[in-house]
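In what follows, a structure is listed as structure tokens, so that the remarks can point back to it.
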Amino acid sequence: MKLYFDTVINDGNGLPVEGATVSFLIDDVAQTTYATAESGGGATSSVTDANGLYQRYVPDGTYTIRHSYTFAGTPYTVDIDDVQIYDDSEQEEIVNRAVIVPDGEDGITIPA
């Protein structure tokens, strides 16, 4: 699980949006996110603060992040597709499994 945070900016005037609803979707289904790293405060959406900021702990996956708000009586829904959210330690674990061979070396045997 990783802490994901961003700011919702109003398409109408370019300013941060207070009170926008933010949902993390997989296949158009809202996923449960959390207020703490210990999976506390589960919710399927988050609401932005006065600076348009939201933050949630999100299980690993590839999401569509949906911002929903109203400006001047017009409802806006903005989808950000294919957002990959993965815990850094899991990425580091994958990288640390790489085998590095110096340039110009011959006859190298790669371990099983």
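Chains: A, B, ... in order of the structure tokens. Residues: from 1 per chain. Ligands: from 1, in order shown.
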
Open item on the list: Taking only chain A into account, list the residues labelled strand (DSSP E) by DSSP (computed from the backbone), as a PyMOL selection string.
Closed with: chain A and resi 2-7+21-26+29-30+45-47+53-58+61-71+74-85

TODO: For Asp79 (chain A), list every protein, DNA or RNA residue within 7 Å, evaluated using only C-alpha atoms, and leave out those in the same chain fewer than 3 positions away; present the list as a ChimeraX atom specification.
DONE: /A:64-67

Open item on the list: With DSSP run on the backbone, what are the alpha helix (DSSP H) residues within chain A? I'd like them as a ChimeraX atom specification.
Closed with: /A:88-96

- [ ] Would you kindly return, as a count of residues only, each protein, DNA or RNA residue with an atom no farther than 10 Å from any atom of Pro16 (chain A), considering only C-alpha atoms and excluding same-chain residues fewer than 2 positions away?
- [x] 16

Open item on the list: Residues near Ile26 (chain A), anyone? I mean within 10 Å using only C-alpha atoms, not counting same-chain ones fewer than 2 positions away, as a PyMOL selection string.
Closed with: chain A and resi 23-24+28-31+61-65+81-82

Keeping only C-alpha atoms, write the selected residues to a file as a short mmCIF file (atom, residue, chain, number, x, y, z; two decimals), in the first residue's frame.
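Final output, saved to out_17.cif:
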data_model
loop_
_atom_site.label_atom_id
_atom_site.label_comp_id
_atom_site.auth_asym_id
_atom_site.auth_seq_id
_atom_site.Cartn_x
_atom_site.Cartn_y
_atom_site.Cartn_z
CA SER A 23 -12.48 8.07 -6.24
CA PHE A 24 -9.96 5.35 -7.13
CA ASP A 28 -15.28 1.49 -13.14
CA VAL A 29 -15.68 0.07 -9.61
CA ALA A 30 -14.69 2.32 -6.68
CA GLN A 31 -11.93 0.70 -4.61
CA GLY A 61 -2.71 -1.51 -8.59
CA THR A 62 -3.45 0.47 -11.73
CA TYR A 63 -6.31 2.92 -11.25
CA THR A 64 -8.50 5.47 -12.91
CA ILE A 65 -8.64 8.42 -10.53
CA ASP A 81 -6.52 6.83 -16.52
CA ASP A 82 -3.81 4.22 -15.98
#
